[in-house]
Amino acid sequence: MSKLKNFKELSALREKICNKRARQKKTIVRVCSGTGCRASGSQKVVEAFKKEAAKQGVDFEIRPTGCQGLCEKGPIVIVEPLDVFYQKVDPFDAAKIIDLTINRGKVIDRLQVVDPITGDLAVKEEEISFYGKQHRIVLRNCGQIDPTNIEDYIAVGGYEALAKVLSDMTPEEVIDEVKKSNLRGRGGAGFPVGRKWEGGRRTKGNIKYIVCNGDEGDPGAFMDRSVLEGDPHSVIEGMAIGAYALGNCEKGFIYVRQEYPLAVENLTIAINQARELGLLGNNILGSCFNFDLEIKRGAGAFICGESTALMFSIEGKRGMPRTTPPRSVEKGLWGKPTVLNNVETLANIAPIIIKGADWYTSIGTKGSPGTKIFALTGKVKNTGLIEVPMGVTIREIVYDIGGGILGDKEFKAVQTGGPSGGCIPKEYLDLPVDFDSLDEVGAMMGSGGLVVMDESNCMVEIARYFLSFTQVESCGKCPPCRIGTYEMFNILTRIVEGKGEEGDIERLEIIGKHIQETALCGLGKSAPNPVLSTIKYFRDEYEAHIRNRYCPAGACTALGRYRIHEEECLLCGLCKEVCVYDAIVEERDRFYIDQSYCEKCGACIGVCPTGCVVREFEEKTVSSGKQAVPAGRVCRQTGRQEVVK
Amino acid sequence: MSNCVCGTKKEEKKIQIDVDDVHKLLKKYEGKTGVLVHALQDVQEEFGFLPEESLEVIADEFDLSLAHVYGVASFYAHFYFTPRGKNIIKVCTGTACYVRGSKLILEGLEEELGIKAGETTDDLEFTLETVSCVGCCALAPVVVVNENVSKERNPKKIISALKNKGEENDE
């Protein structure tokens, strides 16, 4: 491919690609090749299709695409032009799909998705309730195009926004448009992008940088990964537009997490292709605007998602935050003005430029226009990536899109915003989700992880889990975060182990508030959120752990006292076999647990075939057996997951 | 395990590396700034970990103190200073995997291999680690075996599959 010299050549190329495709009228088989579907074996499916196509002599295009969203049902295959949606496709199914669907236009029932709400078989994507309420702006191309082929992106209108900006708009007009759209940063805090860019433009400097934050460290969130993998050009285009708006910005960096090798691979290909076509580099489309990109790979530090820490990491230093001001817009990378935007934010830019700010503000709520991608995970039937307009309620997300709770259990809470966010209880199921409403209830938008929890999840244990994460990932620069989270973690561990004391809850609240007020960076300040929000909404659970040594969810195995009901015991001896602490004593006609050896690991409960091992609490006795086993527990004997009654 | 090893000091295996290899790797960074992390990544990719000598070479090459290089390397979780196993098993302990029971898989693997998370078996066959989210939350709980995300959840099967593979290669 030769370099495009001006805007006309870009539209000519687009026309040429579209005409060629329209003439060929090829059947297209889209095979999802995101990380999720790859784990389910989608690469083998692609190979099988290629082999079968050659064998049967059928001519069609096999297009490996980015994430389709419904990762749990992967590998996903969509056959155009009928748009038949197939789930869990095996390499052996390739021959049948070619024979029946491609050649004869028939649908294979076995591979269709059964909608968890209606129970009907769905043929097309739109018929699945998971996709029904979604509105795809950022994910517009994910799952549609081949991310490693720039022609695909250009065919769907790619780089049109960049051409429009370079040919018809001044940098001020670009900033005005973005400001008017009220696009807020999707990284978590929700700072208006237009204002950030304006600040960057106003700051004087001969060299400026734009950086894309792809260090998606929040456990339970993977939207940035999907966008980078499935539609890397949209991020590149967004960055180029941003660089033009800033002025004097000829270099950009994309900081990608070390755990995302496929994203780095696809981005590298995309950047090289854009360079080849002259969409990156010097004198882009003959407009005298120069811009180039470099990928920086992270090295496994959660804190590098924080803006100042990320910049230090790019400079090759330890990724530790510094005090602000000066903000990075004034003094960022190598002391130069730097604008940092999130992946999802940048992918929003091109549609805003093409369709206008008015269109964008018509979606979502007044304070938070547009859409937001959520990674819907945890105990719901449909897990995966969803993009919904701001302002939908949690109920719609969990029940209409997610299909309800796994095993039709009781909904307990939803955790948003990862380790910086909080838990939202059942009372707020009808809360419209946007930046401000989540802040009000003590949670946070964060990067958009939504982890659904049911009655078998212990909220104290969840809070402890998040703190163990922030505590390990704390960079250690400021004492409130370094020591505070450590102390909070210790208190929570004590509570979970049944050694909690009166006053522990208040202690947690005091330390938490101090950390919020005094920590150096945003991550430190938000670290106590999971604890404080669970105390706010589930104080009774904390109290039960401390006062009654009782875990209402039955998840904390260290609470209570284990005992064998001798009347029901079959004397099979499985519990003795499985006990690694040798706490179970065998006598002629009975087994009993020696409390001085028992470590309360719960293994004996898991193996007992009659459920006669019970956990007793001081006030309340929870009948044990299979019921007290935490959900998803793997049996040590059989390696199978326990069925929870 | 027939020989008793009580009282005998475990001999530390020192892995010799060729310093010239490190120099070669660093050539492309000549005259560039902000590439220390990249250089460390490259060296680790080559040797599987960061040998002491390589850090000295890097410090020398970039005109930094060894303390600075070590400071950066030890800050990031991705850098290792001891040799790692042939097979690297990472158990995801991200939120979604955690609420779906990844802790039990980790415990099972620890039991099966006789090591704790973050350690390597003595024969340098297996390294067990935890990772906080690999972005496959929809498939939770997941285990990453040698950079491939696996849906297999049975610790015994994971290990035996790897062992079988190793034997096949040996033959």
# chains A, B, ... in the order shown; residues from 1 in each chain; ligands from 1
$ interface_residues --of "chain A" --to "chain B" --cutoff "6 Å" --atoms "only C-alpha atoms" --output "count of residues only"
20
$ residues_around --residues "Ile89 of chain B" --least-positions-apart "6" --cutoff "12 Å" --atoms "only C-alpha atoms" --output "ChimeraX atom specification"
/B:105-106,109-110,113,115-121,125-131,142-150,152,155,158-159,162
$ write_last_selection --atoms "N, CA and C atoms" --output "mmCIF file, in the first residue's frame"
data_model
loop_
_atom_site.group_PDB
_atom_site.id
_atom_site.type_symbol
_atom_site.label_atom_id
_atom_site.label_comp_id
_atom_site.auth_asym_id
_atom_site.auth_seq_id
_atom_site.Cartn_x
_atom_site.Cartn_y
_atom_site.Cartn_z
ATOM 1 N N ILE B 105 -8.938 -23.431 43.660
ATOM 2 C CA ILE B 105 -8.048 -23.965 42.632
ATOM 3 C C ILE B 105 -6.605 -23.731 43.057
ATOM 4 N N LEU B 106 -6.354 -22.529 43.560
ATOM 5 C CA LEU B 106 -4.997 -22.195 44.000
ATOM 6 C C LEU B 106 -4.542 -23.143 45.108
ATOM 7 N N LEU B 109 -3.733 -26.498 43.629
ATOM 8 C CA LEU B 109 -2.452 -26.521 42.918
ATOM 9 C C LEU B 109 -1.286 -26.487 43.891
ATOM 10 N N GLU B 110 -1.445 -25.699 44.948
ATOM 11 C CA GLU B 110 -0.382 -25.634 45.961
ATOM 12 C C GLU B 110 -0.152 -27.004 46.573
ATOM 13 N N LEU B 113 1.478 -29.407 43.896
ATOM 14 C CA LEU B 113 2.882 -29.156 43.563
ATOM 15 C C LEU B 113 3.771 -29.100 44.797
ATOM 16 N N ILE B 115 4.200 -26.509 46.607
ATOM 17 C CA ILE B 115 4.825 -25.188 46.762
ATOM 18 C C ILE B 115 3.729 -24.168 47.013
ATOM 19 N N LYS B 116 4.129 -22.998 47.454
ATOM 20 C CA LYS B 116 3.168 -21.922 47.672
ATOM 21 C C LYS B 116 3.160 -21.019 46.431
ATOM 22 N N ALA B 117 2.132 -20.194 46.353
ATOM 23 C CA ALA B 117 2.061 -19.255 45.239
ATOM 24 C C ALA B 117 3.298 -18.365 45.248
ATOM 25 N N GLY B 118 3.896 -18.151 44.085
ATOM 26 C CA GLY B 118 5.087 -17.324 43.994
ATOM 27 C C GLY B 118 6.365 -18.132 44.057
ATOM 28 N N GLU B 119 6.237 -19.455 44.218
ATOM 29 C CA GLU B 119 7.444 -20.276 44.323
ATOM 30 C C GLU B 119 7.618 -21.172 43.093
ATOM 31 N N THR B 120 8.814 -21.757 42.990
ATOM 32 C CA THR B 120 9.130 -22.656 41.898
ATOM 33 C C THR B 120 9.528 -24.002 42.491
ATOM 34 N N THR B 121 9.134 -25.078 41.828
ATOM 35 C CA THR B 121 9.531 -26.391 42.344
ATOM 36 C C THR B 121 11.038 -26.565 42.192
ATOM 37 N N GLU B 125 10.571 -27.303 37.218
ATOM 38 C CA GLU B 125 9.539 -27.671 36.249
ATOM 39 C C GLU B 125 8.357 -26.711 36.303
ATOM 40 N N PHE B 126 7.918 -26.375 37.523
ATOM 41 C CA PHE B 126 6.705 -25.578 37.660
ATOM 42 C C PHE B 126 6.927 -24.330 38.504
ATOM 43 N N THR B 127 6.312 -23.245 38.064
ATOM 44 C CA THR B 127 6.237 -22.055 38.887
ATOM 45 C C THR B 127 4.758 -21.747 39.074
ATOM 46 N N LEU B 128 4.376 -21.496 40.303
ATOM 47 C CA LEU B 128 2.975 -21.187 40.589
ATOM 48 C C LEU B 128 2.864 -19.729 41.010
ATOM 49 N N GLU B 129 1.959 -19.007 40.348
ATOM 50 C CA GLU B 129 1.814 -17.593 40.668
ATOM 51 C C GLU B 129 0.343 -17.213 40.699
ATOM 52 N N THR B 130 0.072 -16.067 41.284
ATOM 53 C CA THR B 130 -1.280 -15.539 41.162
ATOM 54 C C THR B 130 -1.215 -14.306 40.280
ATOM 55 N N VAL B 131 -2.304 -14.003 39.625
ATOM 56 C CA VAL B 131 -2.365 -12.818 38.799
ATOM 57 C C VAL B 131 -3.708 -12.164 39.096
ATOM 58 N N VAL B 142 -10.368 -18.691 35.955
ATOM 59 C CA VAL B 142 -9.440 -19.145 34.927
ATOM 60 C C VAL B 142 -8.032 -19.345 35.486
ATOM 61 N N VAL B 143 -7.310 -20.199 34.792
ATOM 62 C CA VAL B 143 -5.917 -20.456 35.113
ATOM 63 C C VAL B 143 -5.131 -20.193 33.833
ATOM 64 N N VAL B 144 -4.015 -19.479 33.944
ATOM 65 C CA VAL B 144 -3.204 -19.218 32.762
ATOM 66 C C VAL B 144 -2.015 -20.166 32.794
ATOM 67 N N VAL B 145 -1.961 -21.050 31.832
ATOM 68 C CA VAL B 145 -0.867 -22.015 31.769
ATOM 69 C C VAL B 145 0.041 -21.630 30.610
ATOM 70 N N ASN B 146 1.262 -21.273 30.927
ATOM 71 C CA ASN B 146 2.231 -20.860 29.900
ATOM 72 C C ASN B 146 1.631 -19.859 28.910
ATOM 73 N N GLU B 147 1.070 -18.784 29.435
ATOM 74 C CA GLU B 147 0.508 -17.681 28.634
ATOM 75 C C GLU B 147 -0.789 -18.026 27.920
ATOM 76 N N ASN B 148 -1.266 -19.278 28.048
ATOM 77 C CA ASN B 148 -2.546 -19.599 27.437
ATOM 78 C C ASN B 148 -3.613 -19.681 28.518
ATOM 79 N N VAL B 149 -4.712 -18.974 28.278
ATOM 80 C CA VAL B 149 -5.790 -19.019 29.251
ATOM 81 C C VAL B 149 -6.497 -20.359 29.131
ATOM 82 N N SER B 150 -6.631 -21.036 30.259
ATOM 83 C CA SER B 150 -7.224 -22.366 30.220
ATOM 84 C C SER B 150 -8.497 -22.377 31.048
ATOM 85 N N GLU B 152 -9.679 -25.225 32.127
ATOM 86 C CA GLU B 152 -9.573 -26.413 32.984
ATOM 87 C C GLU B 152 -9.441 -25.971 34.440
ATOM 88 N N PRO B 155 -7.080 -29.063 39.434
ATOM 89 C CA PRO B 155 -5.630 -28.936 39.617
ATOM 90 C C PRO B 155 -4.873 -30.169 39.154
ATOM 91 N N ILE B 158 -4.644 -30.286 35.365
ATOM 92 C CA ILE B 158 -3.744 -29.257 34.826
ATOM 93 C C ILE B 158 -2.304 -29.755 34.889
ATOM 94 N N ILE B 159 -1.931 -30.271 36.067
ATOM 95 C CA ILE B 159 -0.554 -30.715 36.263
ATOM 96 C C ILE B 159 -0.240 -31.927 35.387
ATOM 97 N N LEU B 162 0.362 -31.135 31.798
ATOM 98 C CA LEU B 162 1.674 -30.536 31.557
ATOM 99 C C LEU B 162 2.783 -31.572 31.647
#
$ residues_around --residues "segment 46-52 of chain B" --least-positions-apart "2" --cutoff "12 Å" --atoms "only C-alpha atoms" --output "NGL selection string"
:B and (14-19 or 21-22 or 24-26 or 39-44 or 54-59 or 66-67 or 69-70 or 73-74 or 78-88 or 124 or 127)
$ residues_around --residues "Leu570 of chain A" --least-positions-apart "5" --cutoff "10 Å" --atoms "only C-alpha atoms" --output "MDAnalysis selection string"
chainID A and resid 590:591 608:610 612
$ write_last_selection --atoms "C-alpha atoms" --output "short mmCIF file (atom, residue, chain, number, x, y, z; two decimals), in the first residue's frame"
data_model
loop_
_atom_site.label_atom_id
_atom_site.label_comp_id
_atom_site.auth_asym_id
_atom_site.auth_seq_id
_atom_site.Cartn_x
_atom_site.Cartn_y
_atom_site.Cartn_z
CA ARG A 590 -17.26 -43.11 66.26
CA PHE A 591 -15.25 -40.31 64.70
CA CYS A 608 -18.98 -35.93 54.03
CA PRO A 609 -21.51 -37.91 51.98
CA THR A 610 -24.30 -37.61 54.53
CA CYS A 612 -23.20 -34.95 59.18
#
$ atom_distance --atom1 "atom CA of Asp540 of chain A" --atom2 "atom CA of Gly503 of chain A"
13.8 Å
$ select_by_dssp --residues "segment 61-171 of chain B" --states "helix (DSSP H, G or I)" --output "PyMOL selection string"
chain B and resi 61-62+66-75+95-99+102-113+137-139+155-170
$ select_by_dssp --residues "segment 46-131 of chain B" --states "strand (DSSP E or B)" --output "number ranges by chain"
B: 87-92, 120, 126-131
$ write_last_selection --atoms "N, CA and C atoms" --output "PDB file, in the first residue's frame"
ATOM      1  N   ASN B  87       7.312 -24.599  33.242  1.00  0.00           N
ATOM      2  CA  ASN B  87       5.889 -24.326  33.079  1.00  0.00           C
ATOM      3  C   ASN B  87       5.461 -23.298  34.108  1.00  0.00           C
ATOM      4  N   ILE B  88       4.806 -22.272  33.631  1.00  0.00           N
ATOM      5  CA  ILE B  88       4.375 -21.241  34.556  1.00  0.00           C
ATOM      6  C   ILE B  88       2.850 -21.258  34.643  1.00  0.00           C
ATOM      7  N   ILE B  89       2.374 -21.527  35.832  1.00  0.00           N
ATOM      8  CA  ILE B  89       0.931 -21.601  36.039  1.00  0.00           C
ATOM      9  C   ILE B  89       0.509 -20.389  36.855  1.00  0.00           C
ATOM     10  N   LYS B  90      -0.405 -19.612  36.285  1.00  0.00           N
ATOM     11  CA  LYS B  90      -0.895 -18.452  37.011  1.00  0.00           C
ATOM     12  C   LYS B  90      -2.372 -18.645  37.305  1.00  0.00           C
ATOM     13  N   VAL B  91      -2.733 -18.490  38.548  1.00  0.00           N
ATOM     14  CA  VAL B  91      -4.143 -18.585  38.911  1.00  0.00           C
ATOM     15  C   VAL B  91      -4.676 -17.174  39.045  1.00  0.00           C
ATOM     16  N   CYS B  92      -5.765 -16.889  38.337  1.00  0.00           N
ATOM     17  CA  CYS B  92      -6.330 -15.548  38.408  1.00  0.00           C
ATOM     18  C   CYS B  92      -7.063 -15.389  39.725  1.00  0.00           C
ATOM     19  N   THR B 120       8.814 -21.757  42.990  1.00  0.00           N
ATOM     20  CA  THR B 120       9.130 -22.656  41.898  1.00  0.00           C
ATOM     21  C   THR B 120       9.528 -24.002  42.491  1.00  0.00           C
ATOM     22  N   PHE B 126       7.918 -26.375  37.523  1.00  0.00           N
ATOM     23  CA  PHE B 126       6.705 -25.578  37.660  1.00  0.00           C
ATOM     24  C   PHE B 126       6.927 -24.330  38.504  1.00  0.00           C
ATOM     25  N   THR B 127       6.312 -23.245  38.064  1.00  0.00           N
ATOM     26  CA  THR B 127       6.237 -22.055  38.887  1.00  0.00           C
ATOM     27  C   THR B 127       4.758 -21.747  39.074  1.00  0.00           C
ATOM     28  N   LEU B 128       4.376 -21.496  40.303  1.00  0.00           N
ATOM     29  CA  LEU B 128       2.975 -21.187  40.589  1.00  0.00           C
ATOM     30  C   LEU B 128       2.864 -19.729  41.010  1.00  0.00           C
ATOM     31  N   GLU B 129       1.959 -19.007  40.348  1.00  0.00           N
ATOM     32  CA  GLU B 129       1.814 -17.593  40.668  1.00  0.00           C
ATOM     33  C   GLU B 129       0.343 -17.213  40.699  1.00  0.00           C
ATOM     34  N   THR B 130       0.072 -16.067  41.284  1.00  0.00           N
ATOM     35  CA  THR B 130      -1.280 -15.539  41.162  1.00  0.00           C
ATOM     36  C   THR B 130      -1.215 -14.306  40.280  1.00  0.00           C
ATOM     37  N   VAL B 131      -2.304 -14.003  39.625  1.00  0.00           N
ATOM     38  CA  VAL B 131      -2.365 -12.818  38.799  1.00  0.00           C
ATOM     39  C   VAL B 131      -3.708 -12.164  39.096  1.00  0.00           C
TER      40      VAL B 131
END
